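coords_22.txt follows (compact mmCIF, C-alpha atoms):
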# COMPACT_ATOMS: atom_id res chain seq x y z
CA MET A 1 -2.84 -56.35 30.12
CA THR A 2 -3.70 -52.76 29.35
CA PRO A 3 -1.64 -51.18 26.53
CA VAL A 4 -1.21 -48.00 28.61
CA PRO A 5 1.45 -48.13 31.35
CA THR A 6 0.00 -47.67 34.83
CA PHE A 7 1.89 -44.40 35.35
CA ALA A 8 0.28 -42.97 32.20
CA THR A 9 -3.30 -43.91 33.13
CA ARG A 10 -5.76 -41.02 32.79
CA PRO A 11 -6.25 -39.19 36.12
CA SER A 12 -9.75 -40.45 36.86
CA PHE A 13 -10.46 -43.24 39.34
CA LEU A 14 -9.18 -46.48 37.75
CA GLY A 15 -8.71 -44.50 34.54
CA ILE A 16 -12.46 -44.61 33.92
CA GLU A 17 -13.30 -42.66 30.76
CA ARG A 18 -17.01 -42.05 31.25
CA SER A 19 -18.30 -39.04 33.20
CA ASN A 20 -22.08 -39.24 32.76
CA HIS A 21 -24.14 -38.64 35.88
CA ASP A 22 -26.78 -41.21 34.90
CA ALA A 23 -24.39 -44.16 35.17
CA ALA A 24 -25.40 -47.06 37.41
CA ILE A 25 -22.41 -46.30 39.64
CA CYS A 26 -20.81 -42.87 39.95
CA ILE A 27 -17.45 -42.07 41.50
CA ALA A 28 -17.20 -38.54 42.89
CA GLY A 29 -14.58 -36.70 44.88
CA ILE A 30 -15.64 -34.52 47.80
CA PRO A 31 -12.71 -32.19 48.65
CA TYR A 32 -13.98 -31.12 52.05
CA ASP A 33 -12.13 -31.08 55.39
CA LEU A 34 -13.74 -28.29 57.40
CA GLY A 35 -14.81 -30.84 60.00
CA THR A 36 -11.34 -32.06 60.94
CA SER A 37 -10.24 -31.75 64.55
CA ASN A 38 -6.51 -32.47 64.32
CA ARG A 39 -4.49 -32.48 61.09
CA PRO A 40 -6.26 -30.94 58.07
CA GLY A 41 -5.63 -31.84 54.45
CA ALA A 42 -8.23 -34.49 53.58
CA ARG A 43 -9.55 -32.04 50.97
CA PHE A 44 -6.69 -33.34 48.82
CA GLY A 45 -7.75 -36.95 49.36
CA PRO A 46 -9.81 -37.36 46.15
CA MET A 47 -6.89 -36.35 43.95
CA ALA A 48 -4.47 -38.65 45.79
CA ILE A 49 -6.86 -41.62 45.74
CA ARG A 50 -7.46 -41.24 42.02
CA GLN A 51 -3.73 -41.08 41.32
CA ALA A 52 -2.99 -44.13 43.46
CA SER A 53 -5.80 -46.10 41.78
CA ARG A 54 -3.67 -46.40 38.64
CA MET A 55 -2.00 -49.37 40.33
CA LEU A 56 -5.31 -51.27 40.18
CA VAL A 57 -6.09 -51.03 36.46
CA ASP A 58 -3.91 -53.79 35.10
CA GLY A 59 -6.17 -56.83 35.41
CA ASP A 60 -9.13 -58.39 37.17
CA HIS A 61 -9.70 -58.91 40.88
CA PRO A 62 -7.40 -61.77 41.96
CA VAL A 63 -10.05 -63.62 44.00
CA SER A 64 -13.46 -62.93 42.46
CA ARG A 65 -12.13 -62.41 38.91
CA ALA A 66 -14.46 -59.40 38.68
CA THR A 67 -13.40 -56.28 36.78
CA PRO A 68 -14.24 -53.48 39.25
CA GLY A 69 -13.81 -50.60 36.80
CA ALA A 70 -15.88 -52.10 33.99
CA GLY A 71 -19.56 -51.81 33.26
CA ASP A 72 -21.92 -48.88 33.71
CA ILE A 73 -19.62 -46.77 35.88
CA ALA A 74 -18.47 -43.17 35.60
CA ASP A 75 -16.11 -40.80 37.37
CA ILE A 76 -18.08 -37.55 37.49
CA GLY A 77 -15.34 -35.40 38.98
CA ASP A 78 -15.53 -33.52 42.28
CA PHE A 79 -18.58 -32.11 44.04
CA THR A 80 -18.78 -28.38 44.61
CA ILE A 81 -18.64 -27.27 48.25
CA ALA A 82 -19.41 -23.96 49.94
CA HIS A 83 -15.87 -23.26 51.11
CA GLY A 84 -15.73 -22.06 54.71
CA ASP A 85 -19.41 -22.90 55.28
CA ILE A 86 -19.98 -26.24 57.03
CA GLN A 87 -23.77 -26.42 56.83
CA GLY A 88 -23.76 -24.89 53.36
CA SER A 89 -21.30 -27.55 52.22
CA LEU A 90 -23.38 -30.35 53.74
CA ALA A 91 -26.45 -29.06 51.91
CA ALA A 92 -24.52 -28.79 48.64
CA ILE A 93 -23.11 -32.31 48.99
CA GLU A 94 -26.56 -33.72 49.73
CA ALA A 95 -28.09 -31.97 46.71
CA GLN A 96 -25.40 -33.24 44.34
CA ALA A 97 -25.56 -36.79 45.66
CA LYS A 98 -29.35 -37.12 45.71
CA PRO A 99 -29.92 -37.64 41.94
CA LEU A 100 -27.20 -40.31 41.60
CA ARG A 101 -28.22 -43.95 41.42
CA HIS A 102 -25.28 -45.39 43.37
CA LEU A 103 -22.44 -43.24 44.65
CA VAL A 104 -18.90 -44.15 45.66
CA ALA A 105 -17.49 -41.01 47.27
CA LEU A 106 -13.82 -40.18 47.72
CA GLY A 107 -13.37 -37.82 50.66
CA GLY A 108 -12.74 -35.59 52.31
CA ASP A 109 -13.26 -35.88 56.04
CA HIS A 110 -15.91 -38.04 57.69
CA THR A 111 -18.39 -35.19 58.04
CA ILE A 112 -19.39 -35.79 54.42
CA THR A 113 -21.02 -39.11 55.30
CA LEU A 114 -23.86 -37.33 57.08
CA ALA A 115 -24.76 -35.45 53.88
CA LEU A 116 -24.49 -38.64 51.83
CA LEU A 117 -26.81 -40.54 54.18
CA ARG A 118 -29.30 -37.66 54.02
CA ALA A 119 -29.23 -37.93 50.23
CA LEU A 120 -29.63 -41.70 50.35
CA ARG A 121 -32.73 -41.50 52.56
CA ALA A 122 -34.96 -40.58 49.59
CA ARG A 123 -34.00 -43.77 47.73
CA ALA A 124 -33.36 -46.30 50.47
CA GLY A 125 -34.97 -44.99 53.64
CA LYS A 126 -33.29 -45.88 56.92
CA VAL A 127 -30.24 -48.02 56.07
CA ALA A 128 -27.98 -50.48 57.84
CA LEU A 129 -24.40 -49.30 58.32
CA VAL A 130 -21.01 -50.97 57.97
CA HIS A 131 -18.50 -48.54 59.46
CA PHE A 132 -14.72 -49.13 59.47
CA ASP A 133 -12.97 -46.64 61.75
CA ALA A 134 -10.68 -46.11 64.73
CA HIS A 135 -13.35 -43.84 66.25
CA VAL A 136 -17.07 -44.31 66.86
CA ASP A 137 -17.86 -40.80 65.53
CA THR A 138 -20.96 -40.58 67.72
CA TRP A 139 -19.93 -37.59 69.81
CA PRO A 140 -22.80 -35.08 69.98
CA GLU A 141 -20.33 -32.38 68.98
CA SER A 142 -16.79 -32.28 67.65
CA PHE A 143 -14.67 -29.91 69.78
CA GLY A 144 -17.41 -27.31 69.81
CA GLN A 145 -18.59 -27.94 66.26
CA LYS A 146 -22.09 -29.35 65.93
CA PHE A 147 -21.21 -30.89 62.59
CA GLY A 148 -17.67 -32.27 62.50
CA HIS A 149 -15.90 -35.48 61.64
CA GLY A 150 -16.42 -36.84 65.15
CA SER A 151 -20.21 -36.59 65.07
CA PRO A 152 -21.70 -37.79 61.75
CA PHE A 153 -23.22 -40.96 63.19
CA TYR A 154 -24.65 -39.21 66.23
CA HIS A 155 -26.65 -37.10 63.79
CA ALA A 156 -27.33 -40.04 61.46
CA ILE A 157 -28.90 -41.95 64.34
CA THR A 158 -30.86 -39.01 65.79
CA GLU A 159 -32.12 -38.04 62.32
CA GLY A 160 -33.26 -41.59 61.60
CA LEU A 161 -30.91 -42.04 58.64
CA VAL A 162 -29.44 -45.33 59.85
CA ASP A 163 -30.87 -48.22 61.85
CA PRO A 164 -28.51 -48.45 64.86
CA ARG A 165 -29.54 -52.05 65.55
CA ARG A 166 -28.32 -52.91 62.08
CA SER A 167 -25.13 -50.87 62.37
CA VAL A 168 -21.69 -52.26 63.06
CA GLN A 169 -18.42 -50.42 63.69
CA VAL A 170 -15.16 -52.23 62.95
CA GLY A 171 -11.67 -51.33 64.17
CA ILE A 172 -12.64 -49.04 67.06
CA ARG A 173 -9.77 -48.32 69.48
CA SER A 174 -9.52 -44.59 70.25
CA PRO A 175 -10.04 -42.98 73.67
CA MET A 176 -13.77 -42.58 74.25
CA ASN A 177 -15.88 -41.06 77.00
CA LYS A 178 -18.04 -43.58 78.82
CA GLU A 179 -21.11 -41.49 78.02
CA VAL A 180 -20.38 -41.69 74.29
CA HIS A 181 -19.78 -45.43 74.45
CA ASP A 182 -22.94 -46.04 76.45
CA TRP A 183 -25.04 -43.84 74.16
CA THR A 184 -23.73 -45.68 71.08
CA THR A 185 -24.24 -49.21 72.35
CA GLY A 186 -27.42 -48.21 74.17
CA ASN A 187 -28.92 -47.29 70.82
CA GLY A 188 -28.08 -50.75 69.53
CA VAL A 189 -24.85 -50.21 67.59
CA THR A 190 -22.50 -53.22 67.51
CA ILE A 191 -18.86 -52.29 68.18
CA LEU A 192 -16.13 -54.67 67.01
CA TYR A 193 -12.89 -53.39 68.50
CA ALA A 194 -9.59 -53.62 66.63
CA GLU A 195 -8.34 -56.12 69.20
CA GLN A 196 -11.30 -58.37 68.40
CA VAL A 197 -10.39 -58.28 64.72
CA HIS A 198 -6.84 -59.34 65.58
CA GLU A 199 -8.01 -62.12 67.89
CA GLU A 200 -10.95 -63.50 65.91
CA GLY A 201 -9.75 -63.02 62.33
CA PRO A 202 -11.43 -61.65 59.19
CA ARG A 203 -13.71 -64.62 58.51
CA ALA A 204 -15.35 -64.48 61.94
CA ILE A 205 -15.62 -60.68 61.85
CA ALA A 206 -17.24 -60.77 58.40
CA GLU A 207 -19.78 -63.29 59.67
CA ARG A 208 -20.60 -61.03 62.60
CA ILE A 209 -21.06 -58.09 60.23
CA ARG A 210 -23.34 -60.14 57.99
CA GLY A 211 -25.35 -61.21 61.03
CA VAL A 212 -25.94 -57.60 62.07
CA ILE A 213 -26.75 -56.27 58.59
CA GLY A 214 -28.93 -59.12 57.39
CA ASP A 215 -30.92 -58.37 54.23
CA ALA A 216 -31.40 -54.65 54.90
CA PRO A 217 -30.26 -51.99 52.40
CA ALA A 218 -26.84 -50.96 53.67
CA TYR A 219 -24.22 -48.24 53.41
CA LEU A 220 -20.48 -48.79 53.79
CA THR A 221 -18.21 -46.06 55.11
CA PHE A 222 -14.47 -46.61 55.42
CA ASP A 223 -12.37 -44.18 57.42
CA ILE A 224 -8.77 -44.89 56.44
CA ASP A 225 -7.69 -44.53 60.07
CA ALA A 226 -9.35 -47.90 60.69
CA LEU A 227 -6.00 -49.14 59.42
CA ASP A 228 -2.96 -49.02 61.66
CA PRO A 229 -0.75 -45.98 60.93
CA ALA A 230 1.95 -48.40 59.79
CA PHE A 231 -0.26 -48.99 56.75
CA ALA A 232 -2.01 -45.61 56.58
CA PRO A 233 0.10 -42.81 58.07
CA GLY A 234 -1.52 -40.18 55.86
CA THR A 235 -4.55 -39.33 57.95
CA GLY A 236 -5.59 -36.63 60.37
CA THR A 237 -6.24 -38.61 63.56
CA PRO A 238 -4.08 -41.76 63.56
CA GLU A 239 -4.47 -44.36 66.32
CA ILE A 240 -2.05 -47.23 66.93
CA GLY A 241 -3.19 -50.85 67.17
CA GLY A 242 -5.32 -50.74 64.06
CA LEU A 243 -6.28 -53.15 61.34
CA PHE A 244 -3.67 -54.50 58.99
CA SER A 245 -4.50 -53.70 55.37
CA TRP A 246 -4.84 -57.41 54.54
CA GLN A 247 -7.37 -57.82 57.37
CA ALA A 248 -9.56 -55.04 56.00
CA GLN A 249 -9.35 -56.51 52.50
CA ALA A 250 -10.22 -59.99 53.74
CA ILE A 251 -13.24 -58.70 55.66
CA MET A 252 -14.45 -56.66 52.68
CA ARG A 253 -14.16 -59.64 50.34
CA ARG A 254 -16.47 -61.65 52.59
CA LEU A 255 -19.32 -59.10 52.41
CA LYS A 256 -20.48 -59.96 48.90
CA GLY A 257 -24.22 -60.33 48.65
CA LEU A 258 -25.10 -57.61 51.16
CA ASP A 259 -27.50 -55.05 49.73
CA PHE A 260 -25.11 -52.11 49.53
CA ARG A 261 -26.52 -48.82 48.26
CA GLY A 262 -23.43 -46.63 48.49
CA MET A 263 -19.96 -46.22 49.92
CA ASP A 264 -17.37 -43.64 50.89
CA ILE A 265 -13.66 -43.69 51.69
CA VAL A 266 -12.64 -40.79 53.90
CA GLU A 267 -9.83 -39.14 55.85
CA VAL A 268 -6.98 -39.77 53.38
CA CYS A 269 -4.63 -36.86 54.03
CA PRO A 270 -1.80 -36.98 51.48
CA ALA A 271 0.36 -34.33 53.17
CA TYR A 272 1.13 -36.89 55.90
CA ASP A 273 1.42 -39.89 53.57
CA HIS A 274 4.59 -41.70 52.56
CA ALA A 275 5.12 -43.15 49.08
CA GLU A 276 1.32 -43.09 48.45
CA ILE A 277 0.69 -46.04 50.78
CA THR A 278 -2.33 -44.43 52.43
CA ALA A 279 -3.80 -43.24 49.15
CA LEU A 280 -3.27 -46.69 47.65
CA ALA A 281 -4.99 -48.29 50.65
CA GLY A 282 -7.94 -45.94 50.19
CA ALA A 283 -8.13 -46.59 46.46
CA THR A 284 -7.94 -50.33 47.08
CA MET A 285 -10.82 -50.32 49.57
CA ALA A 286 -13.00 -48.51 47.03
CA TRP A 287 -11.84 -51.02 44.38
CA GLU A 288 -12.73 -53.91 46.70
CA TYR A 289 -16.19 -52.40 47.17
CA LEU A 290 -16.70 -52.15 43.41
CA ALA A 291 -15.64 -55.80 43.13
CA LEU A 292 -18.46 -56.71 45.53
CA LEU A 293 -20.95 -55.11 43.13
CA ALA A 294 -19.45 -56.42 39.89
CA PRO A 295 -20.38 -59.71 38.19
CA THR A 296 -17.67 -62.27 38.88
CA GLY A 297 -15.62 -63.98 36.25
CA LEU A 298 -15.64 -67.32 38.06
Could you express the structure from this file as structure tokens?
Amino acid sequence: MTPVPTFATRPSFLGIERSNHDAAICIAGIPYDLGTSNRPGARFGPMAIRQASRMLVDGDHPVSRATPGAGDIADIGDFTIAHGDIQGSLAAIEAQAKPLRHLVALGGDHTITLALLRALRARAGKVALVHFDAHVDTWPESFGQKFGHGSPFYHAITEGLVDPRRSVQVGIRSPMNKEVHDWTTGNGVTILYAEQVHEEGPRAIAERIRGVIGDAPAYLTFDIDALDPAFAPGTGTPEIGGLFSWQAQAIMRRLKGLDFRGMDIVEVCPAYDHAEITALAGATMAWEYLALLAPTGL
């Protein structure tokens, strides 16, 4: 047990003390929400996620016995953005992410993932994608914006950043134009709807994800609205019928061994949260990801 009470943990992610950019894994906040289409405020997500993560510092992972916050890992603070400038911010995010060896990003809205995938291209090439979300985010534009939180994977596919035939979307359930659906699946993306998760269960869903991804280098992006608003009310575009938090955890825990090269947690909007439950869910998904990368204590 840590000698410091959880409420007094330093305000970095998991209380991590190191901040060197050459760490094997870097945590960085990206306080950007210019791409939101409904409720803004995800720019405050990194701060909320870090604060909520204090509940995860008092011991090892209960299943793998890994220590997610240990090892060569640093919290390097927040990226600088070009406030009010969407394309300028995307370029700035890409430039700051590119030198990092392995980035876990705390958003911010889902637009940031496009910049992170652009940065990853130099190290990993075209990657497989594991995408938790209520929305496919493959609209060619987002309410008139070319680059918004509804379009990052349209651009990621058209720019050759991800391999759509090794991409899987989990938790999808929002209204969607037929043209968008057909374009997404026509390019080879596998969609696992929220109802399928409920009916088939985490073990079967994890196996389907593993089957799609295979041994390819992969990126994991987790939009907190993949969870039902009962478990994550603090987000900009909530959709009912979503994943239970335990389902998302159980799926994540069954993805160990995939060749992940980076991850983000996005769309945590603390102004609409209650008692930090959304921020804690976001922090926990990042913690689960780190547990996948950490040596186990078994």
Using all atoms listed in the file, can you tell me which of A:His274, A:Ala122, A:Gly214, A:Thr221 comes closest to A:Phe153?
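Looking only at the distances to A:Phe153, the closest residue turns out to be A:Thr221.
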So what do you get for atom CA of A:His149 versus atom CA of A:Leu56, distance-wise?
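Computing it gives 28.7 Å between the two atoms.
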Around the point (-8.7, -45.4, 59.6), in the coordinates given by the file, pick out the residues reaching within 12 Å, counting only C-alpha atoms, and return them as a CSV table (one decimal) with C-alpha atoms, keeping the file's coordinate frame.
chain,number,residue,atom,x,y,z
A,109,ASP,CA,-13.3,-35.9,56.0
A,110,HIS,CA,-15.9,-38.0,57.7
A,131,HIS,CA,-18.5,-48.5,59.5
A,132,PHE,CA,-14.7,-49.1,59.5
A,133,ASP,CA,-13.0,-46.6,61.8
A,134,ALA,CA,-10.7,-46.1,64.7
A,135,HIS,CA,-13.4,-43.8,66.2
A,136,VAL,CA,-17.1,-44.3,66.9
A,137,ASP,CA,-17.9,-40.8,65.5
A,169,GLN,CA,-18.4,-50.4,63.7
A,170,VAL,CA,-15.2,-52.2,63.0
A,171,GLY,CA,-11.7,-51.3,64.2
A,172,ILE,CA,-12.6,-49.0,67.1
A,173,ARG,CA,-9.8,-48.3,69.5
A,174,SER,CA,-9.5,-44.6,70.2
A,194,ALA,CA,-9.6,-53.6,66.6
A,221,THR,CA,-18.2,-46.1,55.1
A,222,PHE,CA,-14.5,-46.6,55.4
A,223,ASP,CA,-12.4,-44.2,57.4
A,224,ILE,CA,-8.8,-44.9,56.4
A,225,ASP,CA,-7.7,-44.5,60.1
A,226,ALA,CA,-9.4,-47.9,60.7
A,227,LEU,CA,-6.0,-49.1,59.4
A,228,ASP,CA,-3.0,-49.0,61.7
A,229,PRO,CA,-0.8,-46.0,60.9
A,230,ALA,CA,2.0,-48.4,59.8
A,231,PHE,CA,-0.3,-49.0,56.8
A,232,ALA,CA,-2.0,-45.6,56.6
A,233,PRO,CA,0.1,-42.8,58.1
A,234,GLY,CA,-1.5,-40.2,55.9
A,235,THR,CA,-4.6,-39.3,58.0
A,236,GLY,CA,-5.6,-36.6,60.4
A,237,THR,CA,-6.2,-38.6,63.6
A,238,PRO,CA,-4.1,-41.8,63.6
A,239,GLU,CA,-4.5,-44.4,66.3
A,240,ILE,CA,-2.0,-47.2,66.9
A,241,GLY,CA,-3.2,-50.8,67.2
A,242,GLY,CA,-5.3,-50.7,64.1
A,243,LEU,CA,-6.3,-53.2,61.3
A,244,PHE,CA,-3.7,-54.5,59.0
A,245,SER,CA,-4.5,-53.7,55.4
A,248,ALA,CA,-9.6,-55.0,56.0
A,265,ILE,CA,-13.7,-43.7,51.7
A,266,VAL,CA,-12.6,-40.8,53.9
A,267,GLU,CA,-9.8,-39.1,55.8
A,268,VAL,CA,-7.0,-39.8,53.4
A,269,CYS,CA,-4.6,-36.9,54.0
A,278,THR,CA,-2.3,-44.4,52.4
A,279,ALA,CA,-3.8,-43.2,49.2
A,281,ALA,CA,-5.0,-48.3,50.6
A,282,GLY,CA,-7.9,-45.9,50.2
A,285,MET,CA,-10.8,-50.3,49.6
Step by step: start from the point (-1.3, -50.0, 27.7) in the file's coordinates, keep every protein, DNA or RNA residue that has an atom no farther than 12 Å from it, count all atoms listed in the file, and write the set as a list in words.
Met1, Thr2, Pro3, Val4, Pro5, Thr6, Phe7, Ala8, Thr9, Arg10, Gly15, Arg54, Val57, Asp58 and Gly59 of chain A
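Separating atom CA of A:Ile213 from atom CA of A:Val197 is a distance of 17.6 Å.
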